[in-house]
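Visitor: After the structure tokens below, expect a handful of questions from me.
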Amino acid sequence: MPSSKASTDDIRKSVWDGIPIDQWEPAKWKQWKPKQPASDENTKMEREYLRIKHAIAQANSALSLDRIKVKLKLTSPKTIALQGTFPCRPGDIGKHGSPNKQYTISCGFVANDAGVKMAVLKARELDFLLMTKQFQWTSDLLGKHAQNLGMLDKELPAKIISELIQEYEREFWKTHEKNRQGIRTWETHYLRHLKKLPQDVPLSAQSLAIALEKTKANTSGRFFLVWQLKKFCEFCGIDDFKTIYAYTTPKPHPTIRKIPSDEEIIQGFLKMGMPLSAYASKENLTQPEQWQWAYGMLATYGLRPHELFAVDIAAFTDTLNTFHLVTLNPILTEGTKTGERSCGIPPLHPHWVELFDLKNIRLPYNEGTLNNKTAKLHIKFRTSEIGFRPYDLRHAYALRGHRLRVPIKTMADYMGHTVQEHTKTYQRWMNEDTNLEIYKEVVIHRQGTTKEALKERIRELEADNITLKAENATLKGLLIKHQLGEFLSQSSE
């Protein structure tokens with residue numbers, strides 16, 4: 001087949017079998033000059049040109065499927081540019097006075113596989129900025145035009161994500177009280193998720209995708225990250241959530257907890273007092289009794305872990321506190337989760353107060369913030385291999401109240417909940433085994449476990465009835481005898 005050699009300066013002038021290279025089907029790049037020796041450098045360059053051209057065509061097809069309007073363009077055998085309709089550059093006017101105009105933007109991407117990937121990411125980013133009306137002409141996009149317009153020194157860069165988060169936090173504190181609970185809410189429900197975003201770049205579809213890729217699909221982490229990023233984007237004036245919706249996952253059902261039984265709780269109390277040589281910290285070796293006291297308070301009163309440090313010790317140890325009620329002083333912890341309890345918290349197993357020696361106050365010595373103190377408590381549970389977490393003792397307290405038939409409204413007051421929250425939170429932990437235990441305790445045990453037991457009880461009652469009848473007859477006889485004696489005495493007078 002005849003072939004005209006390509007100019008080394010411009011591969012696009014190459015011709016094979018009478019067909020110019022730019023009219024050749026890029027997908028058939030391997031068939032371009034198939035008979036040429038492998039050492040022919042021109043052939044290698046021409047095939048690479050066609051291969052990259054094919055890769056760009058595939059990338060543009062993928063962008064079109066995602067409705068991305070910015071596309072890739074091979075502007076030379078060595079460079080890839082971006083093409084799309086953008087707001088007019090400073091000094092430009094669109095057709096018929098339109099504020100928009102089609103531009104080919106050279107971003108310096110090299111015509112190779114890495115360049116194609118980088119150009120695709122940039123195309124998505126620019127499309128995101130166009131949709132959210134955040135697009136601005138920067139010196140990088142303007143290139144040589146920036147120097148002509150004198151914009152290099154006047155350019156105002158877009159705010160980076162860390163700056164946007166600071167503004168978001170200032171807005172948050174306009175509607176939240178800046179106390180311990182407010183700080184915990186910001187750090188746990190807001191900042192915890194926003195930290196997954198790259199902090200030193202502007203907000204873009206790419207940066208959102210980077211954060212979302214850090215979580216797994218169908219997990220609570222992904223669910224709440226999507227929820228928070230949507231709120232954050234709304235704050236930033238973005239109302240297109242195409243990237244976020246692509247990662248949306250349904251809210252997973254909560255894992256069913258195994259609530260410890262009373263016997264397991266007592267065993268846990270003993271484990272809590274055993275120092276572990278593998279964890280030879282100061283607190284571990286010197287405070288076994290202090291950790292046991294903390295454990296006993298959580299188990300007996302169903303406290304949230306941080307509420308342990310809000311217990312009014314003076315009121316608890318007062319000799320007039322005969323019912324061993326616990327009251328909380330929110331000032332000690334800068335507020336409790338639901339404010340101050342409307343009543344004292346009673347021990348549903350009063351004998352545990354003595355069993356765990358709770359009136360002998362031994363609050364663990366803990367330095368640092370309240371979060372640090374509660375964190376050490378969680379660590380102690382884990383290193384002692386208790387088998388459950390501090391909060392599980394609170395769940396056990398709630399179910400204990402149901403077993404003892406304490407009214408839901410009363411239990412909600414004890415635990416610092418509304419009735420709605422109490423029912424929603426704790427009914428889901430009442431699995432089949434728990435419900436069966438409650439049935440046995442409330443119904444079977446109170447009415448007799450078997451028919452034989454019931455018959456035995458009836459026989460006991462019948463025997464008691466016979467005895468009472470005999471006693472009644474005896475009393476009647478004595479009364480008659482007494483009355484007859486009095487009558488005879490009067491008659492003799």
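We name chains A, B, ... following the order of the structure tokens; residues begin at 1 in each chain, and ligands are numbered from 1 as shown.
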What lies within 8 Å of Asp127 in chain A using only C-alpha atoms, ignoring chain neighbours under 2 positions off, as a list in words?
Guide: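 Skipping anything fewer than 2 positions along the chain leaves Ile68, Lys69, Val70, Ala123, Arg124, Glu125, Leu129, Leu130 and Met131 of chain A.
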Visitor: Find the residues around Thr219 in chain A up to 12 Å (only C-alpha atoms counted), leave out those fewer than 3 positions away in its own chain, and share them as a count of residues only.
Guide: 18
Visitor: Quick one: of A:Phe356, A:Phe241, A:Phe323, A:Phe128, who's nearest to Ile265 in chain A, counting only C-alpha atoms?
Guide: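 The closest residue to Ile265 in chain A is A:Phe356.
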Visitor: Which neighbours of Phe172 in chain A fall inside 12 Å, counting only C-alpha atoms, when residues of the same chain fewer than 5 positions from it are skipped, and could you give them as a PyMOL selection string?
Guide: chain A and resi 165-167+177-178+182-183+185-187+189-191+231-232+235
Visitor: Take the residues just selected and output them with N, CA and C atoms as a compact mmCIF listing (two decimals), in the first residue's frame.
Guide:
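Here's the written file out-v3.txt:
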```txt
# COMPACT_ATOMS: atom_id res chain seq x y z
N ILE A 165 -16.30 25.88 55.65
CA ILE A 165 -16.71 25.19 56.88
C ILE A 165 -16.71 26.16 58.06
N GLN A 166 -15.74 27.07 58.11
CA GLN A 166 -15.72 28.08 59.17
C GLN A 166 -16.96 28.97 59.11
N GLU A 167 -17.36 29.36 57.91
CA GLU A 167 -18.59 30.16 57.76
C GLU A 167 -19.81 29.35 58.16
N GLU A 177 -27.05 26.79 71.23
CA GLU A 177 -26.39 27.31 72.42
C GLU A 177 -24.99 26.71 72.52
N LYS A 178 -24.00 27.55 72.77
CA LYS A 178 -22.61 27.08 72.78
C LYS A 178 -22.26 26.52 74.15
N GLY A 182 -24.05 21.51 72.76
CA GLY A 182 -23.97 22.14 71.45
C GLY A 182 -22.65 21.82 70.75
N ILE A 183 -21.56 21.87 71.51
CA ILE A 183 -20.24 21.56 70.96
C ILE A 183 -20.20 20.11 70.49
N THR A 185 -22.74 18.31 69.51
CA THR A 185 -23.56 18.19 68.30
C THR A 185 -22.79 18.63 67.07
N TRP A 186 -22.10 19.78 67.17
CA TRP A 186 -21.33 20.28 66.04
C TRP A 186 -20.22 19.30 65.65
N GLU A 187 -19.51 18.80 66.65
CA GLU A 187 -18.37 17.93 66.35
C GLU A 187 -18.81 16.55 65.86
N HIS A 189 -22.13 15.52 64.69
CA HIS A 189 -23.10 15.43 63.60
C HIS A 189 -22.74 16.31 62.40
N TYR A 190 -21.79 17.23 62.56
CA TYR A 190 -21.43 18.13 61.46
C TYR A 190 -19.97 17.96 61.07
N LEU A 191 -19.05 18.41 61.95
CA LEU A 191 -17.63 18.47 61.61
C LEU A 191 -17.07 17.09 61.31
N LYS A 231 -26.74 19.28 53.20
CA LYS A 231 -26.98 20.49 53.99
C LYS A 231 -25.87 21.52 53.76
N PHE A 232 -24.64 21.04 53.69
CA PHE A 232 -23.50 21.93 53.49
C PHE A 232 -23.57 22.60 52.12
N PHE A 235 -26.11 25.34 52.10
CA PHE A 235 -25.56 26.54 52.74
C PHE A 235 -24.67 27.31 51.76
```
Visitor: What is the distance, in Å and to one decimal place, between CA of Pro198 in chain A and CA of Tyr168 in chain A?
Guide: 15.8 Å
Visitor: For CA of Ala310 in chain A and CA of Leu370 in chain A, determine how far apart the two atoms are, in Å to one decimal place.
Guide: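 So the answer is 10.3 Å.
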Visitor: Using only C-alpha atoms, which of A:Gly221, A:Pro288, A:Gly344, A:Pro364 sits nearest Asp413 in chain A?
Guide: A:Gly344
Visitor: From range 49-102 of chain A, collect each residue whose DSSP state is strand (DSSP E or B) and return the set as a list in words.
Guide: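 Here are the strand (DSSP E or B) residues of range 49-102 of chain A: Lys71, Leu72, Lys73, Leu74, Thr75, Ser76, Thr79, Ile80, Ala81, Leu82, Gln83, Gly84, Thr85, Phe86, Pro87, Asn100, Lys101 and Gln102 of chain A.
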